[in-house]
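> As input, take target-v1.tsv (TSV, N, CA and C atoms):
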chain	number	residue	atom	x	y	z
A	20	MET	N	54.53	198.59	-0.14
A	20	MET	CA	53.87	197.33	0.12
A	20	MET	C	53.98	196.47	-1.13
A	21	ALA	N	54.29	195.22	-0.95
A	21	ALA	CA	54.48	194.31	-2.09
A	21	ALA	C	53.13	193.91	-2.66
A	22	ALA	N	53.10	193.75	-3.96
A	22	ALA	CA	51.89	193.30	-4.62
A	22	ALA	C	51.76	191.79	-4.44
A	23	THR	N	50.54	191.28	-4.43
A	23	THR	CA	50.31	189.86	-4.31
A	23	THR	C	49.86	189.35	-5.66
A	24	THR	N	50.41	188.20	-6.05
A	24	THR	CA	50.04	187.63	-7.33
A	24	THR	C	50.11	186.12	-7.25
A	25	VAL	N	49.48	185.47	-8.17
A	25	VAL	CA	49.62	184.04	-8.36
A	25	VAL	C	50.20	183.88	-9.75
A	26	PHE	N	51.29	183.15	-9.87
A	26	PHE	CA	51.93	182.98	-11.16
A	26	PHE	C	51.01	182.23	-12.11
A	27	ALA	N	50.96	182.66	-13.35
A	27	ALA	CA	50.16	182.00	-14.37
A	27	ALA	C	51.03	181.76	-15.59
A	28	VAL	N	50.76	180.67	-16.28
A	28	VAL	CA	51.51	180.35	-17.48
A	28	VAL	C	50.69	180.81	-18.67
A	29	THR	N	51.34	181.49	-19.61
A	29	THR	CA	50.67	181.96	-20.80
A	29	THR	C	51.22	181.25	-22.01
A	30	GLY	N	50.55	181.38	-23.15
A	30	GLY	CA	50.99	180.75	-24.39
A	30	GLY	C	52.27	181.35	-24.89
A	31	THR	N	52.95	180.61	-25.76
A	31	THR	CA	54.20	181.04	-26.35
A	31	THR	C	53.92	181.66	-27.71
A	32	LEU	N	54.55	182.79	-27.97
A	32	LEU	CA	54.39	183.47	-29.24
A	32	LEU	C	55.46	183.03	-30.21
A	33	ALA	N	55.14	182.96	-31.50
A	33	ALA	CA	56.12	182.60	-32.51
A	33	ALA	C	57.05	183.78	-32.74
A	34	ALA	N	58.31	183.48	-33.02
A	34	ALA	CA	59.29	184.54	-33.26
A	34	ALA	C	60.35	184.02	-34.22
A	35	ALA	N	61.04	184.93	-34.86
A	35	ALA	CA	62.13	184.55	-35.73
A	35	ALA	C	63.26	183.97	-34.89
A	36	THR	N	63.99	183.02	-35.45
A	36	THR	CA	65.09	182.40	-34.72
A	36	THR	C	66.34	183.24	-34.85
A	37	PRO	N	66.86	183.76	-33.74
A	37	PRO	CA	68.07	184.57	-33.77
A	37	PRO	C	69.31	183.70	-33.76
A	38	ALA	N	70.44	184.32	-33.96
A	38	ALA	CA	71.71	183.60	-33.89
A	38	ALA	C	71.96	183.17	-32.45
A	39	LEU	N	72.40	181.94	-32.28
A	39	LEU	CA	72.68	181.42	-30.96
A	39	LEU	C	74.15	181.61	-30.63
A	40	ALA	N	74.42	182.07	-29.43
A	40	ALA	CA	75.80	182.26	-29.00
A	40	ALA	C	75.98	181.60	-27.64
A	41	SER	N	77.18	181.14	-27.38
A	41	SER	CA	77.48	180.53	-26.10
A	41	SER	C	77.89	181.61	-25.11
A	42	VAL	N	77.24	181.64	-23.98
A	42	VAL	CA	77.53	182.64	-22.95
A	42	VAL	C	77.92	181.91	-21.68
A	43	GLU	N	79.02	182.29	-21.09
A	43	GLU	CA	79.46	181.69	-19.83
A	43	GLU	C	78.55	182.14	-18.71
A	44	PRO	N	78.17	181.23	-17.80
A	44	PRO	CA	77.36	181.64	-16.65
A	44	PRO	C	78.19	182.51	-15.71
A	45	PRO	N	77.52	183.29	-14.87
A	45	PRO	CA	78.25	184.07	-13.87
A	45	PRO	C	79.04	183.14	-12.96
A	46	ALA	N	80.12	183.62	-12.40
A	46	ALA	CA	80.96	182.81	-11.52
A	46	ALA	C	80.20	182.39	-10.27
A	47	GLY	N	80.51	181.23	-9.77
A	47	GLY	CA	79.89	180.77	-8.53
A	47	GLY	C	79.15	179.47	-8.73
A	48	GLY	N	78.82	178.84	-7.61
A	48	GLY	CA	78.02	177.63	-7.66
A	48	GLY	C	76.55	178.00	-7.67
A	49	TRP	N	75.74	177.21	-8.38
A	49	TRP	CA	74.32	177.54	-8.51
A	49	TRP	C	73.48	176.33	-8.13
A	50	ASP	N	72.45	176.55	-7.30
A	50	ASP	CA	71.55	175.48	-6.90
A	50	ASP	C	70.50	175.21	-7.97
A	51	HIS	N	70.11	176.25	-8.70
A	51	HIS	CA	69.05	176.11	-9.72
A	51	HIS	C	69.44	176.95	-10.93
A	52	THR	N	69.16	176.43	-12.12
A	52	THR	CA	69.36	177.17	-13.37
A	52	THR	C	68.15	176.89	-14.25
A	53	TRP	N	67.48	177.96	-14.68
A	53	TRP	CA	66.30	177.81	-15.54
A	53	TRP	C	66.40	178.79	-16.71
A	54	THR	N	65.72	178.46	-17.81
A	54	THR	CA	65.77	179.29	-19.01
A	54	THR	C	64.37	179.67	-19.48
A	55	THR	N	64.35	180.62	-20.39
A	55	THR	CA	63.11	180.96	-21.08
A	55	THR	C	62.75	179.80	-22.00
A	56	THR	N	61.53	179.79	-22.51
A	56	THR	CA	61.04	178.65	-23.30
A	56	THR	C	61.26	178.78	-24.79
A	57	ASP	N	61.90	179.85	-25.28
A	57	ASP	CA	62.16	179.99	-26.70
A	57	ASP	C	63.21	178.98	-27.15
A	58	ALA	N	63.29	178.72	-28.43
A	58	ALA	CA	64.21	177.72	-28.98
A	58	ALA	C	65.67	178.01	-28.64
A	59	ASP	N	66.06	179.27	-28.56
A	59	ASP	CA	67.45	179.62	-28.29
A	59	ASP	C	67.75	179.83	-26.82
A	60	LYS	N	66.76	179.66	-25.95
A	60	LYS	CA	66.97	179.86	-24.50
A	60	LYS	C	67.63	181.21	-24.25
A	61	GLY	N	66.97	182.28	-24.72
A	61	GLY	CA	67.53	183.63	-24.70
A	61	GLY	C	67.72	184.27	-23.34
A	62	GLY	N	67.11	183.72	-22.32
A	62	GLY	CA	67.30	184.23	-20.97
A	62	GLY	C	67.52	183.08	-20.01
A	63	THR	N	68.50	183.22	-19.13
A	63	THR	CA	68.79	182.18	-18.15
A	63	THR	C	68.87	182.83	-16.77
A	64	VAL	N	68.23	182.19	-15.79
A	64	VAL	CA	68.31	182.65	-14.41
A	64	VAL	C	69.08	181.62	-13.60
A	65	TYR	N	69.95	182.12	-12.74
A	65	TYR	CA	70.78	181.30	-11.87
A	65	TYR	C	70.43	181.63	-10.43
A	66	ILE	N	70.22	180.60	-9.59
A	66	ILE	CA	69.83	180.80	-8.20
A	66	ILE	C	70.83	180.10	-7.29
A	67	GLU	N	71.35	180.82	-6.32
A	67	GLU	CA	72.17	180.25	-5.25
A	67	GLU	C	71.41	180.53	-3.96
A	68	GLU	N	70.88	179.48	-3.33
A	68	GLU	CA	70.06	179.67	-2.14
A	68	GLU	C	70.83	180.30	-0.98
A	69	ASN	N	72.06	179.86	-0.77
A	69	ASN	CA	72.86	180.43	0.31
A	69	ASN	C	73.25	181.85	-0.07
A	70	GLY	N	72.68	182.82	0.62
A	70	GLY	CA	72.92	184.22	0.29
A	70	GLY	C	71.86	184.80	-0.63
A	71	ASP	N	70.86	183.98	-0.98
A	71	ASP	CA	69.74	184.44	-1.82
A	71	ASP	C	70.23	185.14	-3.09
A	72	ARG	N	71.27	184.58	-3.73
A	72	ARG	CA	71.83	185.20	-4.93
A	72	ARG	C	71.03	184.79	-6.16
A	73	VAL	N	70.58	185.78	-6.93
A	73	VAL	CA	69.82	185.58	-8.16
A	73	VAL	C	70.51	186.37	-9.26
A	74	SER	N	70.74	185.71	-10.39
A	74	SER	CA	71.34	186.40	-11.53
A	74	SER	C	70.58	186.01	-12.79
A	75	VAL	N	70.19	187.00	-13.59
A	75	VAL	CA	69.54	186.74	-14.88
A	75	VAL	C	70.48	187.24	-15.97
A	76	CYS	N	70.66	186.40	-17.01
A	76	CYS	CA	71.62	186.73	-18.07
A	76	CYS	C	70.98	186.61	-19.45
A	77	ASP	N	71.46	187.45	-20.35
A	77	ASP	CA	71.05	187.43	-21.76
A	77	ASP	C	71.93	186.40	-22.46
A	78	THR	N	71.34	185.30	-22.92
A	78	THR	CA	72.10	184.19	-23.48
A	78	THR	C	71.83	183.93	-24.95
A	79	ALA	N	71.21	184.88	-25.65
A	79	ALA	CA	71.00	184.76	-27.09
A	79	ALA	C	70.96	186.14	-27.71
A	80	SER	N	71.44	186.23	-28.92
A	80	SER	CA	71.47	187.50	-29.64
A	80	SER	C	70.14	187.69	-30.36
A	81	ASP	N	69.10	188.03	-29.58
A	81	ASP	CA	67.75	188.12	-30.14
A	81	ASP	C	67.13	189.51	-30.00
A	82	GLY	N	67.85	190.45	-29.40
A	82	GLY	CA	67.34	191.80	-29.24
A	82	GLY	C	66.35	191.96	-28.10
A	83	LEU	N	66.11	190.92	-27.31
A	83	LEU	CA	65.17	190.98	-26.19
A	83	LEU	C	65.93	190.89	-24.88
A	84	SER	N	65.54	191.70	-23.91
A	84	SER	CA	66.18	191.70	-22.59
A	84	SER	C	65.49	190.69	-21.68
A	85	PRO	N	66.25	189.72	-21.15
A	85	PRO	CA	65.65	188.78	-20.21
A	85	PRO	C	65.37	189.44	-18.87
A	86	ARG	N	64.31	188.98	-18.25
A	86	ARG	CA	63.89	189.50	-16.95
A	86	ARG	C	63.56	188.34	-16.03
A	87	VAL	N	63.72	188.57	-14.74
A	87	VAL	CA	63.33	187.58	-13.75
A	87	VAL	C	62.54	188.29	-12.66
A	88	GLN	N	61.49	187.63	-12.22
A	88	GLN	CA	60.69	188.13	-11.11
A	88	GLN	C	60.78	187.10	-9.98
A	89	VAL	N	61.08	187.57	-8.79
A	89	VAL	CA	61.24	186.70	-7.63
A	89	VAL	C	60.12	187.03	-6.64
A	90	ALA	N	59.44	185.99	-6.16
A	90	ALA	CA	58.32	186.18	-5.24
A	90	ALA	C	58.40	185.14	-4.14
A	91	SER	N	57.82	185.46	-2.99
A	91	SER	CA	57.79	184.50	-1.88
A	91	SER	C	56.34	184.18	-1.53
A	92	GLU	N	56.11	182.92	-1.15
A	92	GLU	CA	54.76	182.49	-0.81
A	92	GLU	C	54.31	183.16	0.49
A	93	GLU	N	53.07	183.62	0.49
A	93	GLU	CA	52.49	184.22	1.69
A	93	GLU	C	52.24	183.14	2.73
A	94	SER	N	52.49	183.43	3.98
A	94	SER	CA	52.24	182.44	5.03
A	94	SER	C	50.74	182.29	5.31
A	95	SER	N	49.96	183.34	5.06
A	95	SER	CA	48.54	183.30	5.39
A	95	SER	C	47.65	182.81	4.24
A	96	VAL	N	48.17	182.81	3.00
A	96	VAL	CA	47.38	182.39	1.84
A	96	VAL	C	48.22	181.42	1.00
A	97	PRO	N	48.15	180.12	1.28
A	97	PRO	CA	48.93	179.17	0.49
A	97	PRO	C	48.62	179.29	-1.00
A	98	GLY	N	49.65	179.28	-1.81
A	98	GLY	CA	49.49	179.40	-3.26
A	98	GLY	C	49.53	180.83	-3.76
A	99	ALA	N	49.48	181.81	-2.86
A	99	ALA	CA	49.59	183.21	-3.25
A	99	ALA	C	51.01	183.68	-2.95
A	100	TYR	N	51.57	184.46	-3.87
A	100	TYR	CA	52.96	184.90	-3.75
A	100	TYR	C	53.05	186.41	-3.76
A	101	ASP	N	53.91	186.95	-2.90
A	101	ASP	CA	54.20	188.38	-2.88
A	101	ASP	C	55.43	188.62	-3.74
A	102	ILE	N	55.30	189.51	-4.72
A	102	ILE	CA	56.44	189.83	-5.56
A	102	ILE	C	57.46	190.59	-4.73
A	103	ARG	N	58.69	190.11	-4.73
A	103	ARG	CA	59.77	190.76	-3.99
A	103	ARG	C	60.50	191.76	-4.88
A	104	TYR	N	60.89	191.33	-6.09
A	104	TYR	CA	61.61	192.23	-7.00
A	104	TYR	C	61.68	191.63	-8.40
A	105	THR	N	62.08	192.48	-9.35
A	105	THR	CA	62.31	192.08	-10.74
A	105	THR	C	63.68	192.60	-11.15
A	106	LEU	N	64.42	191.78	-11.89
A	106	LEU	CA	65.71	192.17	-12.45
A	106	LEU	C	65.65	192.09	-13.96
A	107	THR	N	66.38	192.97	-14.66
A	107	THR	CA	66.45	192.95	-16.12
A	107	THR	C	67.90	193.01	-16.55
A	108	ALA	N	68.29	192.07	-17.43
A	108	ALA	CA	69.63	192.09	-18.03
A	108	ALA	C	69.51	192.87	-19.35
A	109	SER	N	69.78	194.16	-19.29
A	109	SER	CA	69.47	195.04	-20.42
A	109	SER	C	70.67	195.42	-21.28
A	110	GLY	N	71.83	194.81	-21.07
A	110	GLY	CA	73.03	195.21	-21.81
A	110	GLY	C	73.31	194.40	-23.06
A	111	GLY	N	72.40	193.55	-23.50
A	111	GLY	CA	72.62	192.73	-24.69
A	111	GLY	C	73.27	191.40	-24.35
A	112	LEU	N	73.59	190.65	-25.37
A	112	LEU	CA	74.15	189.31	-25.23
A	112	LEU	C	75.31	189.29	-24.24
A	113	GLY	N	75.23	188.39	-23.26
A	113	GLY	CA	76.27	188.24	-22.26
A	113	GLY	C	76.10	189.10	-21.02
A	114	SER	N	75.16	190.03	-21.04
A	114	SER	CA	74.95	190.89	-19.86
A	114	SER	C	74.13	190.14	-18.81
A	115	CYS	N	74.35	190.52	-17.55
A	115	CYS	CA	73.63	189.91	-16.43
A	115	CYS	C	73.21	191.00	-15.45
A	116	ALA	N	72.19	190.72	-14.68
A	116	ALA	CA	71.78	191.56	-13.55
A	116	ALA	C	71.70	190.62	-12.35
A	117	THR	N	72.26	191.05	-11.20
A	117	THR	CA	72.36	190.18	-10.05
A	117	THR	C	71.89	190.90	-8.78
A	118	ALA	N	71.25	190.13	-7.90
A	118	ALA	CA	70.84	190.64	-6.58
A	118	ALA	C	71.17	189.56	-5.55
A	119	SER	N	71.35	190.00	-4.29
A	119	SER	CA	71.61	189.03	-3.22
A	119	SER	C	71.13	189.57	-1.89
A	120	ALA	N	71.05	188.67	-0.91
A	120	ALA	CA	70.59	189.04	0.43
A	120	ALA	C	71.45	190.13	1.05
A	121	SER	N	72.71	190.21	0.65
A	121	SER	CA	73.61	191.22	1.22
A	121	SER	C	73.14	192.65	0.93
A	122	GLN	N	72.25	192.80	-0.05
A	122	GLN	CA	71.68	194.12	-0.36
A	122	GLN	C	70.54	194.47	0.60
A	123	GLY	N	70.08	193.49	1.38
A	123	GLY	CA	69.03	193.72	2.37
A	123	GLY	C	67.66	193.90	1.76
A	124	GLY	N	66.71	194.25	2.59
A	124	GLY	CA	65.33	194.52	2.16
A	124	GLY	C	64.71	193.38	1.38
A	125	VAL	N	64.11	193.69	0.24
A	125	VAL	CA	63.39	192.70	-0.56
A	125	VAL	C	64.29	191.60	-1.11
A	126	TYR	N	65.59	191.83	-1.15
A	126	TYR	CA	66.52	190.84	-1.70
A	126	TYR	C	66.87	189.74	-0.69
A	127	ASN	N	66.58	189.97	0.59
A	127	ASN	CA	66.82	188.97	1.63
A	127	ASN	C	65.55	188.13	1.73
A	128	LEU	N	65.56	186.97	1.07
A	128	LEU	CA	64.37	186.13	0.96
A	128	LEU	C	64.12	185.35	2.25
A	129	PRO	N	62.84	185.16	2.61
A	129	PRO	CA	62.53	184.45	3.86
A	129	PRO	C	62.95	182.98	3.80
A	130	GLU	N	63.47	182.49	4.92
A	130	GLU	CA	63.89	181.09	5.01
A	130	GLU	C	62.68	180.16	5.19
A	131	ASN	N	62.86	178.91	4.78
A	131	ASN	CA	61.83	177.88	4.88
A	131	ASN	C	60.51	178.31	4.25
A	132	THR	N	60.63	178.99	3.13
A	132	THR	CA	59.47	179.50	2.40
A	132	THR	C	59.62	179.13	0.94
A	133	SER	N	58.50	178.86	0.27
A	133	SER	CA	58.53	178.59	-1.16
A	133	SER	C	58.80	179.89	-1.91
A	134	ILE	N	59.75	179.83	-2.84
A	134	ILE	CA	60.11	180.98	-3.66
A	134	ILE	C	59.70	180.68	-5.10
A	135	GLY	N	59.01	181.62	-5.72
A	135	GLY	CA	58.61	181.49	-7.13
A	135	GLY	C	59.52	182.36	-7.98
A	136	VAL	N	60.00	181.79	-9.08
A	136	VAL	CA	60.91	182.49	-9.98
A	136	VAL	C	60.36	182.38	-11.40
A	137	THR	N	60.09	183.53	-12.03
A	137	THR	CA	59.63	183.55	-13.42
A	137	THR	C	60.67	184.27	-14.25
A	138	VAL	N	61.10	183.63	-15.34
A	138	VAL	CA	62.06	184.24	-16.27
A	138	VAL	C	61.37	184.36	-17.62
A	139	TRP	N	61.57	185.51	-18.30
A	139	TRP	CA	60.95	185.75	-19.60
A	139	TRP	C	61.79	186.72	-20.40
A	140	LEU	N	61.39	186.94	-21.66
A	140	LEU	CA	62.07	187.87	-22.55
A	140	LEU	C	61.22	189.08	-22.84
A	141	GLY	N	61.87	190.24	-22.91
A	141	GLY	CA	61.18	191.48	-23.27
A	141	GLY	C	60.19	191.93	-22.23
A	142	PRO	N	59.53	193.02	-22.51
A	142	PRO	CA	58.61	193.57	-21.52
A	142	PRO	C	57.27	192.84	-21.46
A	143	ASN	N	56.98	191.95	-22.42
A	143	ASN	CA	55.64	191.37	-22.52
A	143	ASN	C	55.56	189.89	-22.18
A	144	TYR	N	56.41	189.42	-21.31
A	144	TYR	CA	56.37	188.03	-20.82
A	144	TYR	C	56.46	186.99	-21.95
A	145	LYS	N	57.27	187.25	-22.97
A	145	LYS	CA	57.46	186.27	-24.04
A	145	LYS	C	58.30	185.11	-23.51
A	146	PHE	N	57.90	183.91	-23.86
A	146	PHE	CA	58.66	182.69	-23.59
A	146	PHE	C	58.96	182.49	-22.10
A	147	GLN	N	57.98	182.79	-21.26
A	147	GLN	CA	58.20	182.71	-19.82
A	147	GLN	C	58.18	181.27	-19.32
A	148	SER	N	58.91	181.05	-18.25
A	148	SER	CA	58.83	179.80	-17.51
A	148	SER	C	58.87	180.16	-16.02
A	149	THR	N	58.10	179.42	-15.24
A	149	THR	CA	58.00	179.68	-13.80
A	149	THR	C	58.42	178.42	-13.04
A	150	HIS	N	59.19	178.62	-12.00
A	150	HIS	CA	59.73	177.53	-11.20
A	150	HIS	C	59.65	177.88	-9.72
A	151	TYR	N	59.67	176.86	-8.88
A	151	TYR	CA	59.55	177.06	-7.45
A	151	TYR	C	60.63	176.25	-6.73
A	152	TYR	N	61.08	176.76	-5.59
A	152	TYR	CA	61.98	176.01	-4.74
A	152	TYR	C	61.75	176.41	-3.30
A	153	LEU	N	62.13	175.53	-2.39
A	153	LEU	CA	62.02	175.81	-0.96
A	153	LEU	C	63.34	176.46	-0.54
A	154	ASN	N	63.28	177.69	-0.06
A	154	ASN	CA	64.48	178.41	0.38
A	154	ASN	C	64.84	177.92	1.78
A	155	ASP	N	65.62	176.84	1.83
A	155	ASP	CA	65.88	176.23	3.12
A	155	ASP	C	67.34	176.32	3.57
A	156	HIS	N	68.13	177.17	2.90
A	156	HIS	CA	69.49	177.43	3.39
A	156	HIS	C	70.08	178.68	2.78
Produce C-alpha cells that represent the structure in this file.

Amino acid sequence: MAATTVFAVTGTLAAATPALASVEPPAGGWDHTWTTTDADKGGTVYIEENGDRVSVCDTASDGLSPRVQVASEESSVPGAYDIRYTLTASGGLGSCATASASQGGVYNLPENTSIGVTVWLGPNYKFQSTHYYLNDH
C-alpha cells in the first residue's frame, strides 16, 4: 500500500561548493526539467509525460546522490499525494536512474491527475525542490 504524504519545503543547508561539470541530459525529448536548489544544481530530474518517463541524473561532482520522488494526487483528498516511487542516481557524476510506464505497476502514472515531483541530494533531503504537473498525455 502506498504511503500518503503532503510535500513540504524545508530550509536549505550550507555546503562547500564542489567542482561543476557539464553533464549531457539523457537522450529524448523532455516536457519538464527541474534541478536541486544548490548552487551547482547537483541533481536534475527529466520528465516525459508520454510514457511516464522519469530520469534523475547526477550533474555535479559533489559526492551526493540525487534522488527523485514521484507521487500522484489522491482523488478523494485534494492536496494529498500518494508516493508512487523513488529513484536514486548512485553512480556518481553523469549517472542516471530512469523509470517509465512500460515497467508497469507504480511507474504507470494515472492520467489527468496532478503529479508531484521532488528532487534532492543525499539521503537527507538537502537542496530539495518540489514541482507539480498535470499528467494529461
> Env of A:Val125: 7 Å cut, atoms = all atoms listed in the file, seq-sep filter 4 positions within chain, self excluded. Answer as a list in words.
Arg103, Tyr104 and Ala120 of chain A
> So that I can check the surroundings of A:Asp77, please list as a ChimeraX atom specification every protein, DNA and RNA residue that reaches within 12 Å of it, counting only C-alpha atoms and ignoring chain neighbours fewer than 3 positions away.
/A:39-45,54-55,59-65,74,80-87,106-116,138-141
> Which one of A:Cys76, A:Ser148, A:Ile102, A:Asp71 sits closest to A:Leu128 if you count only C-alpha atoms?
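Under the stated criterion, the closest residue is A:Asp71.
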> Please compute the atom CA of A:Thr52-atom CA of A:Val89 distance, one decimal, in Å.
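Value for the atom CA of A:Thr52-atom CA of A:Val89 distance: 13.8 Å.
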> Please determine, counting only N, CA and C atoms, which residue among A:Thr149, A:Ala90, A:His51, A:Ser121 has the shortest atom-to-atom distance to A:Thr105.
A:Ala90
> For atom CA of A:Gln147 and atom N of A:Asp57, determine how far apart the two atoms are, in Å to one decimal place.
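Value for the atom CA of A:Gln147-atom N of A:Asp57 distance: 7.2 Å.
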> Kindly indicate which residue among A:His156, A:Tyr144, A:Glu67, A:Thr117 lies nearest to A:Thr132, using all atoms listed in the file for the distances.
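Smallest distance to A:Thr132 is found for A:His156.
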> Taking the DSSP secondary structure from the backbone, can you list the residues of chain A that are strand (DSSP E or B), as a VMD selection string?
chain A and resid 23 to 24 38 to 39 51 to 54 62 to 67 72 to 77 79 to 80 85 to 92 100 to 107 115 to 118 132 to 140 145 to 154
> Measure the distance from atom C of A:Ile66 to atom CA of A:His150 in Å and round it to one decimal.
12.0 Å
> Taking 6 positions as the minimum chain separation for residues in the same chain, which residues sit within 7 Å of A:Tyr152 when counting only C-alpha atoms? Answer as a PyMOL selection string.
chain A and resi 133-135
> Find, counting only C-alpha atoms, the residue in A:Thr78, A:Asn143, A:Asn69, A:Gln122 that gets nearest to A:Trp53.
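Distance minimum relative to A:Trp53 lands on A:Thr78.
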